[in-house]
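Presented below is the structure to which this report refers.
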Amino acid sequence: MMQRLDRPDEAGRTAAAPAGAIADVLVPLALDTAYSYRVPPGLALAPGDVVQVPLGPRETLGVVWNLRAGDGANLKAVSGCFDAPALPPALRELLDWIARYTLAPRGMVLRLALRDPGRGGPEPLRLGVRATGRLPRRLTPARRRVLAAAEGGLPHIKRQLAEAAAVSAAVIDGLVDEGSLEPVVLTPETTPLPDPDFAPTALSVAQQEAAAALRRSVAAGGFGVTLLEGVTGSGKTDVYFEAVAAALQAGRQALILMPEIALTGQFLSRFAARFGTPPAEWHSGVGGRRRERIHAGVASGAISVVVGARSALFLPFDRLGALVVDEEHEAAYKQEDGVHYHARDMAIVRGRIEGFPVVLASATPSIETRVNAERSRFARLLLPERFGQRALPAVTTIDLRRDPPARGHWLSPVLVEAAQATLERGEQVLFFLNRRGYAPLTLCRRCGHRFQCPNCSAWLVEHRFRRALVCHHCGHAERRPDSCPACAAADTLVPAGPGVERLAEEVAELFPQARSVVLSSDFPGGTERLRHELAAVAAGEFPIVVGTQLVAKGHNFPHLTLVGVVDADVGLTSGDPRGSERTFQLLQQVTGRAGRGARAGRALLQTYQPEHPVIAALVSGEAERFYAEETAARRAAGLPPFGRLASLIVAAPDRGEAEAHARALVRAAQAVAGFPDDVVVLGPAEAPLALLRGLHRFRILVKTARATDMQGFLRAALAGAPRPPQRIRVTVDVDPQSFF
DNA sequence: GGGCAAAATAAC
DNA sequence: TTATTTTGCCCT
């Protein structure tokens, strides 16, 4: 694995500078500068090589960022070079760019692209068998079938050959003993490459036009961004598959990015149906050896298509010809710890550096992407209709002021009646409520005490199944007491408001004869069982589904014809600058789940504010109007994508300390930059992971609409701040387009 | 000033 | 990130 000094250079490369060379090596630590090392004679190095270098008293991994002449007599020497694929120049350029843009140390950005080479050792050799042409002494019918299947002398995997010949593995072993088959080592390249001409999909006219446009831009090569916008069910996937096919036909590679949650088996088989083989899969669940294999395959070109979550963006592709960002509006593309980056934006940067087209696909694009399309920075392709003449679900509101639920209930009689009728027709109903747990607030009906998180300002949410009060902000959990902690009265605690668990209780009472299931991210039994239940829902096993936003993503439910949104106002009043956009996207996706099977669907939104622009847009189907209004509102408020925003995040184990330091930083920033109104403390910044690590985080929002150099501003703010007191960390997040 | 733990800092 | 150095705090 390691090419040590005492071993000859197996790759056979000649040493770059025999007179003596110096390598500038970047190590994956919180360091911004590459360190210089002497290249020992006999070690052939090239920029991008993964090397081992001494660092202080230990040895560490690094990447050669630059090579230059010089004897480097006063420097430590590079210890060795790994047999891992070198980082292509364009990828190094991307990493430098991201470091500069996000103000992260270059070493931390490098970390994103390095996955411990050498760990796990070499790939275990897979053994296969190959026909030798020698006949066995006795030729039985079973043996005849095996030899027929193995004809041609190509190597076969034992199990697959046995299956193809409809015999047991014992027959194969027998033939090996006879010398008719010989064992051979299978090379990893035996994995078939996706075939762009395997099974082209029949496309609608609108799809054909969009696909042709994408094919043209991929075939022409060069950088460009295209927004592929299509209502749910319009067949965006089939269209961007054609972009992937065009890249393959041009002899190039393709990458499809998806939010991790959308990467389902359903998607992979769809890909296999089009290209004859599933793509390489890259996400947090892919571990060890497989990761390394994909890494190497991508670098060598043995892998031509990868489908992956945001980190796949840093794979060492050499010949990328197309990059698709599916569900581009998803917040999951934003990395919130370590290096703060938005994978969609960085995908575009990679496209610009390497010169290939980028496709952003969504039924509900983000505001910034729509603005970029309107300003012609992105091309826009629209799929306005559902595939196969299927109508979009009719969306109507239930005005809760006029048709309120019965006391202590949450479902309006109008919705209950519609659900009843749907169930009688043998169709499926989804009650959607984006609130986990039993009740969002617990209070004492004697003294009015409300349970609040000790760390955050949020209320504690009752989870009846777990018998706990949980903070959805930071993960803090405590046992639900029997008596009020404030006034000590017993049995006076009451749940206020509904969560999905409580809704399920009401549903069971209203429709006792119908099987129902509750689906949310805290589903008991973990991801495995959850996936199983989702499949059962898709198969129509549950007439009633009660679910949170989890059911809005990825899965297709062909039996679903009625979606009842129990509280359409959730998220509209939260004060989040992206609240309207998020709610619109979520409800559009959820209501779009109805009527994707044989029968038409409809959706009912329970709301107190039917006239709200988001609700009105959903009902009228005028997405365009929503985008126009929201864009105008953003422009007026100086919010993204019009205001330039960045943030400093101040973290410390102690809440008071973190806040005090955040305020000190704001004062320093104001003094240095002199825009008193454009620096605001927001906080506490939610960050479940940070809090699990025992850190409280405060976010300072820097809003500079004027043509100020954002980076200069931030550096000045940090430089002018008092020296950070002990145990406080400040991280910087520059993200003008997608702040929240 | 010793002994110990926590915090700060250098790493080519 | 990790190993080493410095600082802070309690004690005698």
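Quick note on naming: the chains in the structure tokens go A, B, ... in the order shown, residues restart at 1 in each chain, and ligands are numbered from 1 in order of appearance.
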
Tell me the residues of chain A close to chain B, meaning within 9 Å using only C-alpha atoms (C1' of nucleotides), as a PyMOL selection string. chain A and resi 24-25+34-37+55-57+75-76+726-727

Expected file contents, prior selection, N, CA, C and O atoms, as a PDB file, in the first residue's frame:
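The result, written out as out20.pdb:
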ATOM      1  N   ASP A  24       5.037  21.109  -1.199  1.00  0.00           N
ATOM      2  CA  ASP A  24       4.148  21.794  -0.259  1.00  0.00           C
ATOM      3  C   ASP A  24       2.957  20.879  -0.028  1.00  0.00           C
ATOM      4  O   ASP A  24       2.208  20.565  -0.954  1.00  0.00           O
ATOM      5  N   VAL A  25       2.809  20.427   1.197  1.00  0.00           N
ATOM      6  CA  VAL A  25       1.813  19.402   1.512  1.00  0.00           C
ATOM      7  C   VAL A  25       0.736  19.976   2.420  1.00  0.00           C
ATOM      8  O   VAL A  25       1.038  20.575   3.452  1.00  0.00           O
ATOM      9  N   ALA A  34      -0.115  25.175   3.481  1.00  0.00           N
ATOM     10  CA  ALA A  34       0.549  23.903   3.201  1.00  0.00           C
ATOM     11  C   ALA A  34       1.950  23.976   3.791  1.00  0.00           C
ATOM     12  O   ALA A  34       2.592  25.019   3.745  1.00  0.00           O
ATOM     13  N   TYR A  35       2.416  22.865   4.347  1.00  0.00           N
ATOM     14  CA  TYR A  35       3.754  22.819   4.921  1.00  0.00           C
ATOM     15  C   TYR A  35       4.726  22.249   3.898  1.00  0.00           C
ATOM     16  O   TYR A  35       4.346  21.418   3.074  1.00  0.00           O
ATOM     17  N   SER A  36       5.988  22.704   4.004  1.00  0.00           N
ATOM     18  CA  SER A  36       6.992  22.289   3.017  1.00  0.00           C
ATOM     19  C   SER A  36       7.820  21.113   3.533  1.00  0.00           C
ATOM     20  O   SER A  36       8.251  21.115   4.691  1.00  0.00           O
ATOM     21  N   TYR A  37       8.027  20.156   2.654  1.00  0.00           N
ATOM     22  CA  TYR A  37       8.840  18.985   3.000  1.00  0.00           C
ATOM     23  C   TYR A  37       9.839  18.722   1.885  1.00  0.00           C
ATOM     24  O   TYR A  37       9.572  19.030   0.712  1.00  0.00           O
ATOM     25  N   LEU A  55       4.631  15.134  11.270  1.00  0.00           N
ATOM     26  CA  LEU A  55       4.068  16.407  11.727  1.00  0.00           C
ATOM     27  C   LEU A  55       4.256  16.461  13.235  1.00  0.00           C
ATOM     28  O   LEU A  55       3.592  15.730  13.969  1.00  0.00           O
ATOM     29  N   GLY A  56       5.149  17.301  13.682  1.00  0.00           N
ATOM     30  CA  GLY A  56       5.479  17.304  15.096  1.00  0.00           C
ATOM     31  C   GLY A  56       6.038  15.931  15.442  1.00  0.00           C
ATOM     32  O   GLY A  56       6.813  15.358  14.667  1.00  0.00           O
ATOM     33  N   PRO A  57       5.572  15.343  16.527  1.00  0.00           N
ATOM     34  CA  PRO A  57       6.121  14.059  16.931  1.00  0.00           C
ATOM     35  C   PRO A  57       5.461  12.856  16.248  1.00  0.00           C
ATOM     36  O   PRO A  57       5.766  11.730  16.590  1.00  0.00           O
ATOM     37  N   LEU A  75      14.468  21.057   5.963  1.00  0.00           N
ATOM     38  CA  LEU A  75      13.087  20.569   6.100  1.00  0.00           C
ATOM     39  C   LEU A  75      13.042  19.086   6.454  1.00  0.00           C
ATOM     40  O   LEU A  75      13.995  18.345   6.185  1.00  0.00           O
ATOM     41  N   LYS A  76      11.928  18.684   7.046  1.00  0.00           N
ATOM     42  CA  LYS A  76      11.697  17.258   7.228  1.00  0.00           C
ATOM     43  C   LYS A  76      11.354  16.648   5.868  1.00  0.00           C
ATOM     44  O   LYS A  76      10.897  17.358   4.961  1.00  0.00           O
ATOM     45  N   GLN A 726     -11.440  31.763  26.980  1.00  0.00           N
ATOM     46  CA  GLN A 726     -11.311  30.317  27.008  1.00  0.00           C
ATOM     47  C   GLN A 726     -12.591  29.572  26.598  1.00  0.00           C
ATOM     48  O   GLN A 726     -13.683  29.993  26.899  1.00  0.00           O
ATOM     49  N   ARG A 727     -12.398  28.493  25.948  1.00  0.00           N
ATOM     50  CA  ARG A 727     -13.435  27.528  25.617  1.00  0.00           C
ATOM     51  C   ARG A 727     -14.510  28.079  24.696  1.00  0.00           C
ATOM     52  O   ARG A 727     -15.587  27.535  24.577  1.00  0.00           O
TER      53      ARG A 727
END

Could you list the residues in chain C lying within 12 Å of chain A, using only C-alpha atoms (C1' of nucleotides), and format the result as a ChimeraX atom specification? /C:1-4,7

Can I get the selected residues back with all heavy atoms, as an mmCIF file, in the first residue's frame?
data_model
loop_
_atom_site.group_PDB
_atom_site.id
_atom_site.type_symbol
_atom_site.label_atom_id
_atom_site.label_comp_id
_atom_site.auth_asym_id
_atom_site.auth_seq_id
_atom_site.Cartn_x
_atom_site.Cartn_y
_atom_site.Cartn_z
ATOM 1 P P DT C 1 -11.232 17.080 15.299
ATOM 2 O OP1 DT C 1 -11.654 17.297 16.648
ATOM 3 O OP2 DT C 1 -10.979 18.118 14.364
ATOM 4 O "O5'" DT C 1 -9.853 16.218 15.416
ATOM 5 C "C5'" DT C 1 -9.591 15.235 14.440
ATOM 6 C "C4'" DT C 1 -8.100 14.987 14.518
ATOM 7 O "O4'" DT C 1 -7.415 16.201 14.171
ATOM 8 C "C3'" DT C 1 -7.651 14.612 15.925
ATOM 9 O "O3'" DT C 1 -7.159 13.294 15.857
ATOM 10 C "C2'" DT C 1 -6.566 15.616 16.284
ATOM 11 C "C1'" DT C 1 -6.267 16.343 14.980
ATOM 12 N N1 DT C 1 -6.042 17.809 15.158
ATOM 13 C C2 DT C 1 -4.749 18.312 15.148
ATOM 14 O O2 DT C 1 -3.770 17.612 15.006
ATOM 15 N N3 DT C 1 -4.676 19.675 15.298
ATOM 16 C C4 DT C 1 -5.716 20.571 15.460
ATOM 17 O O4 DT C 1 -5.519 21.776 15.592
ATOM 18 C C5 DT C 1 -7.028 19.976 15.466
ATOM 19 C C7 DT C 1 -8.222 20.849 15.635
ATOM 20 C C6 DT C 1 -7.139 18.641 15.331
ATOM 21 P P DT C 2 -6.783 12.507 17.215
ATOM 22 O OP1 DT C 2 -6.681 11.103 16.828
ATOM 23 O OP2 DT C 2 -7.699 12.950 18.290
ATOM 24 O "O5'" DT C 2 -5.326 13.018 17.599
ATOM 25 C "C5'" DT C 2 -4.280 12.870 16.672
ATOM 26 C "C4'" DT C 2 -3.015 13.420 17.295
ATOM 27 O "O4'" DT C 2 -3.017 14.869 17.236
ATOM 28 C "C3'" DT C 2 -2.832 13.066 18.770
ATOM 29 O "O3'" DT C 2 -1.484 12.741 18.909
ATOM 30 C "C2'" DT C 2 -3.199 14.351 19.498
ATOM 31 C "C1'" DT C 2 -2.669 15.386 18.517
ATOM 32 N N1 DT C 2 -3.241 16.757 18.592
ATOM 33 C C2 DT C 2 -2.411 17.829 18.358
ATOM 34 O O2 DT C 2 -1.223 17.712 18.106
ATOM 35 N N3 DT C 2 -3.018 19.050 18.433
ATOM 36 C C4 DT C 2 -4.336 19.299 18.721
ATOM 37 O O4 DT C 2 -4.761 20.451 18.762
ATOM 38 C C5 DT C 2 -5.167 18.135 18.951
ATOM 39 C C7 DT C 2 -6.611 18.302 19.265
ATOM 40 C C6 DT C 2 -4.588 16.926 18.878
ATOM 41 P P DA C 3 -0.978 11.765 20.034
ATOM 42 O OP1 DA C 3 -0.493 10.539 19.399
ATOM 43 O OP2 DA C 3 -1.988 11.709 21.117
ATOM 44 O "O5'" DA C 3 0.285 12.581 20.565
ATOM 45 C "C5'" DA C 3 1.228 13.042 19.626
ATOM 46 C "C4'" DA C 3 1.957 14.234 20.199
ATOM 47 O "O4'" DA C 3 1.114 15.403 20.198
ATOM 48 C "C3'" DA C 3 2.436 14.055 21.629
ATOM 49 O "O3'" DA C 3 3.779 14.474 21.645
ATOM 50 C "C2'" DA C 3 1.524 14.956 22.457
ATOM 51 C "C1'" DA C 3 1.167 16.049 21.464
ATOM 52 N N9 DA C 3 -0.145 16.677 21.659
ATOM 53 C C8 DA C 3 -1.338 16.075 21.962
ATOM 54 N N7 DA C 3 -2.346 16.897 22.053
ATOM 55 C C5 DA C 3 -1.786 18.133 21.795
ATOM 56 C C6 DA C 3 -2.335 19.435 21.738
ATOM 57 N N6 DA C 3 -3.633 19.705 21.950
ATOM 58 N N1 DA C 3 -1.498 20.459 21.449
ATOM 59 C C2 DA C 3 -0.205 20.190 21.229
ATOM 60 N N3 DA C 3 0.425 19.017 21.249
ATOM 61 C C4 DA C 3 -0.432 18.021 21.546
ATOM 62 P P DT C 4 4.668 14.311 22.920
ATOM 63 O OP1 DT C 4 5.971 13.840 22.427
ATOM 64 O OP2 DT C 4 3.938 13.581 23.978
ATOM 65 O "O5'" DT C 4 4.842 15.826 23.369
ATOM 66 C "C5'" DT C 4 5.340 16.767 22.406
ATOM 67 C "C4'" DT C 4 5.108 18.160 22.937
ATOM 68 O "O4'" DT C 4 3.696 18.434 22.985
ATOM 69 C "C3'" DT C 4 5.649 18.401 24.345
ATOM 70 O "O3'" DT C 4 6.595 19.457 24.277
ATOM 71 C "C2'" DT C 4 4.418 18.735 25.175
ATOM 72 C "C1'" DT C 4 3.447 19.253 24.114
ATOM 73 N N1 DT C 4 2.004 19.123 24.456
ATOM 74 C C2 DT C 4 1.202 20.249 24.393
ATOM 75 O O2 DT C 4 1.622 21.348 24.089
ATOM 76 N N3 DT C 4 -0.117 20.040 24.705
ATOM 77 C C4 DT C 4 -0.707 18.843 25.054
ATOM 78 O O4 DT C 4 -1.904 18.782 25.308
ATOM 79 C C5 DT C 4 0.181 17.703 25.103
ATOM 80 C C7 DT C 4 -0.366 16.364 25.478
ATOM 81 C C6 DT C 4 1.487 17.892 24.797
ATOM 82 P P DT C 7 2.309 31.038 30.330
ATOM 83 O OP1 DT C 7 2.061 32.364 29.742
ATOM 84 O OP2 DT C 7 3.440 30.811 31.265
ATOM 85 O "O5'" DT C 7 0.980 30.549 31.053
ATOM 86 C "C5'" DT C 7 -0.257 30.595 30.335
ATOM 87 C "C4'" DT C 7 -1.347 30.102 31.259
ATOM 88 O "O4'" DT C 7 -1.121 28.718 31.595
ATOM 89 C "C3'" DT C 7 -1.459 30.869 32.573
ATOM 90 O "O3'" DT C 7 -2.763 31.407 32.623
ATOM 91 C "C2'" DT C 7 -1.156 29.825 33.657
ATOM 92 C "C1'" DT C 7 -1.483 28.516 32.946
ATOM 93 N N1 DT C 7 -0.767 27.276 33.354
ATOM 94 C C2 DT C 7 -1.515 26.143 33.663
ATOM 95 O O2 DT C 7 -2.723 26.126 33.656
ATOM 96 N N3 DT C 7 -0.763 25.041 33.999
ATOM 97 C C4 DT C 7 0.608 24.960 34.040
ATOM 98 O O4 DT C 7 1.153 23.902 34.345
ATOM 99 C C5 DT C 7 1.319 26.162 33.711
ATOM 100 C C7 DT C 7 2.818 26.163 33.748
ATOM 101 C C6 DT C 7 0.611 27.268 33.383
#

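Residue-level DSSP output for stretch 363-415 of chain A, from the backbone, shows alpha helix (DSSP H) at Ile367, Glu368, Thr369, Arg370, Val371, Asn372, Ala373, Glu374, Pro413, Val414 and Leu415 of chain A.
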
Could you give me, as a PyMOL selection string, the residues within 6 Å of stretch 654-660 of chain A, counting only C-alpha atoms (C1' of nucleotides) and dropping anything in the same chain fewer than 3 positions from it? chain A and resi 651+663+696

Could you write out the selected residues, including C-alpha atoms, as a PDB file, in the first residue's frame?
ATOM      1  CA  ALA A 651     -20.074  28.405  20.424  1.00  0.00           C
ATOM      2  CA  ARG A 663     -22.328  40.532  21.758  1.00  0.00           C
ATOM      3  CA  HIS A 696     -24.349  26.496  22.937  1.00  0.00           C
TER       4      HIS A 696
END

Could you jot down the atom CA of A:Thr591 to atom CA of A:Glu528 separation for me, Å, one decimal place?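 Straight-line distance from atom CA of A:Thr591 to atom CA of A:Glu528 works out to 26.0 Å.
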
Secondary structure check, strand (DSSP E or B) residues of stretch 314-440 of chain A, as an NGL selection string: :A and (320-326 or 334-335 or 341-342 or 357-362 or 379-383 or 394-399 or 428-432 or 439)

Export, as a compact mmCIF listing (two decimals), in the first residue's frame, the selected residues with N, CA and C atoms.
# COMPACT_ATOMS: atom_id res chain seq x y z
N LEU A 320 -15.83 14.43 -15.55
CA LEU A 320 -17.26 14.66 -15.35
C LEU A 320 -17.82 15.39 -16.56
N GLY A 321 -18.97 14.88 -17.04
CA GLY A 321 -19.59 15.51 -18.19
C GLY A 321 -20.96 16.08 -17.87
N ALA A 322 -21.52 15.68 -16.72
CA ALA A 322 -22.81 16.21 -16.31
C ALA A 322 -22.99 16.00 -14.81
N LEU A 323 -23.61 16.99 -14.16
CA LEU A 323 -23.87 16.87 -12.73
C LEU A 323 -25.32 17.29 -12.49
N VAL A 324 -26.10 16.40 -11.88
CA VAL A 324 -27.49 16.69 -11.60
C VAL A 324 -27.67 16.89 -10.10
N VAL A 325 -28.31 17.96 -9.70
CA VAL A 325 -28.66 18.14 -8.29
C VAL A 325 -30.18 17.96 -8.21
N ASP A 326 -30.62 16.80 -7.72
CA ASP A 326 -32.05 16.54 -7.65
C ASP A 326 -32.62 17.15 -6.37
N LYS A 334 -27.28 21.74 2.67
CA LYS A 334 -26.43 22.66 3.41
C LYS A 334 -25.74 21.95 4.57
N GLN A 335 -24.43 21.94 4.53
CA GLN A 335 -23.66 21.38 5.63
C GLN A 335 -23.55 22.43 6.72
N TYR A 341 -20.96 24.68 3.95
CA TYR A 341 -21.10 24.89 2.52
C TYR A 341 -22.45 24.39 2.05
N HIS A 342 -22.87 24.90 0.90
CA HIS A 342 -24.11 24.44 0.29
C HIS A 342 -23.73 23.61 -0.93
N PRO A 357 -21.92 21.01 -17.83
CA PRO A 357 -23.23 21.53 -17.46
C PRO A 357 -23.77 20.94 -16.14
N VAL A 358 -24.49 21.77 -15.40
CA VAL A 358 -25.10 21.37 -14.14
C VAL A 358 -26.62 21.49 -14.29
N VAL A 359 -27.34 20.46 -13.85
CA VAL A 359 -28.80 20.48 -13.92
C VAL A 359 -29.36 20.52 -12.51
N LEU A 360 -30.21 21.51 -12.22
CA LEU A 360 -30.89 21.58 -10.93
C LEU A 360 -32.34 21.14 -11.15
N ALA A 361 -32.76 20.07 -10.47
CA ALA A 361 -34.12 19.57 -10.68
C ALA A 361 -34.96 19.76 -9.43
N SER A 362 -36.19 20.22 -9.61
CA SER A 362 -37.10 20.37 -8.47
C SER A 362 -38.51 20.64 -8.95
N ALA A 379 -30.47 28.60 -17.33
CA ALA A 379 -31.52 28.31 -18.30
C ALA A 379 -32.66 27.63 -17.54
N ARG A 380 -33.87 27.68 -18.09
CA ARG A 380 -34.98 27.06 -17.39
C ARG A 380 -35.78 26.17 -18.33
N LEU A 381 -36.00 24.93 -17.89
CA LEU A 381 -36.84 24.01 -18.65
C LEU A 381 -38.03 23.66 -17.78
N LEU A 382 -39.22 23.75 -18.35
CA LEU A 382 -40.42 23.56 -17.55
C LEU A 382 -41.21 22.35 -18.04
N LEU A 383 -41.60 21.48 -17.10
CA LEU A 383 -42.50 20.37 -17.41
C LEU A 383 -43.82 20.69 -16.72
N ALA A 394 -56.88 18.39 -6.76
CA ALA A 394 -57.58 19.63 -6.47
C ALA A 394 -57.32 19.99 -5.01
N VAL A 395 -56.90 21.23 -4.77
CA VAL A 395 -56.58 21.66 -3.41
C VAL A 395 -57.62 22.68 -2.95
N THR A 396 -58.24 22.43 -1.80
CA THR A 396 -59.19 23.39 -1.23
C THR A 396 -58.87 23.59 0.25
N THR A 397 -59.39 24.69 0.79
CA THR A 397 -59.15 24.95 2.22
C THR A 397 -60.38 24.62 3.05
N ILE A 398 -60.12 24.35 4.31
CA ILE A 398 -61.18 24.29 5.30
C ILE A 398 -60.90 25.44 6.27
N ASP A 399 -61.79 26.40 6.29
CA ASP A 399 -61.61 27.56 7.17
C ASP A 399 -61.97 27.16 8.59
N GLN A 428 -56.93 5.39 -0.05
CA GLN A 428 -56.08 5.69 1.10
C GLN A 428 -56.13 7.18 1.47
N VAL A 429 -56.05 7.44 2.80
CA VAL A 429 -56.09 8.81 3.30
C VAL A 429 -54.80 9.11 4.07
N LEU A 430 -54.23 10.29 3.83
CA LEU A 430 -53.09 10.74 4.63
C LEU A 430 -53.49 11.96 5.45
N PHE A 431 -53.34 11.86 6.77
CA PHE A 431 -53.49 13.04 7.62
C PHE A 431 -52.10 13.57 7.89
N PHE A 432 -51.81 14.75 7.36
CA PHE A 432 -50.47 15.30 7.47
C PHE A 432 -50.40 16.37 8.55
N ALA A 439 -47.92 16.21 22.08
CA ALA A 439 -48.39 17.59 22.20
C ALA A 439 -47.21 18.54 22.26

Work out how far apart atom CA of A:Val64 and atom CA of A:Val50 are and give it in Å to one decimal. 6.6 Å

Give me, please, the distance in Å between atom CA of A:Pro316 and atom CA of A:Gly48, quoted to one decimal.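 So the answer is 10.4 Å.
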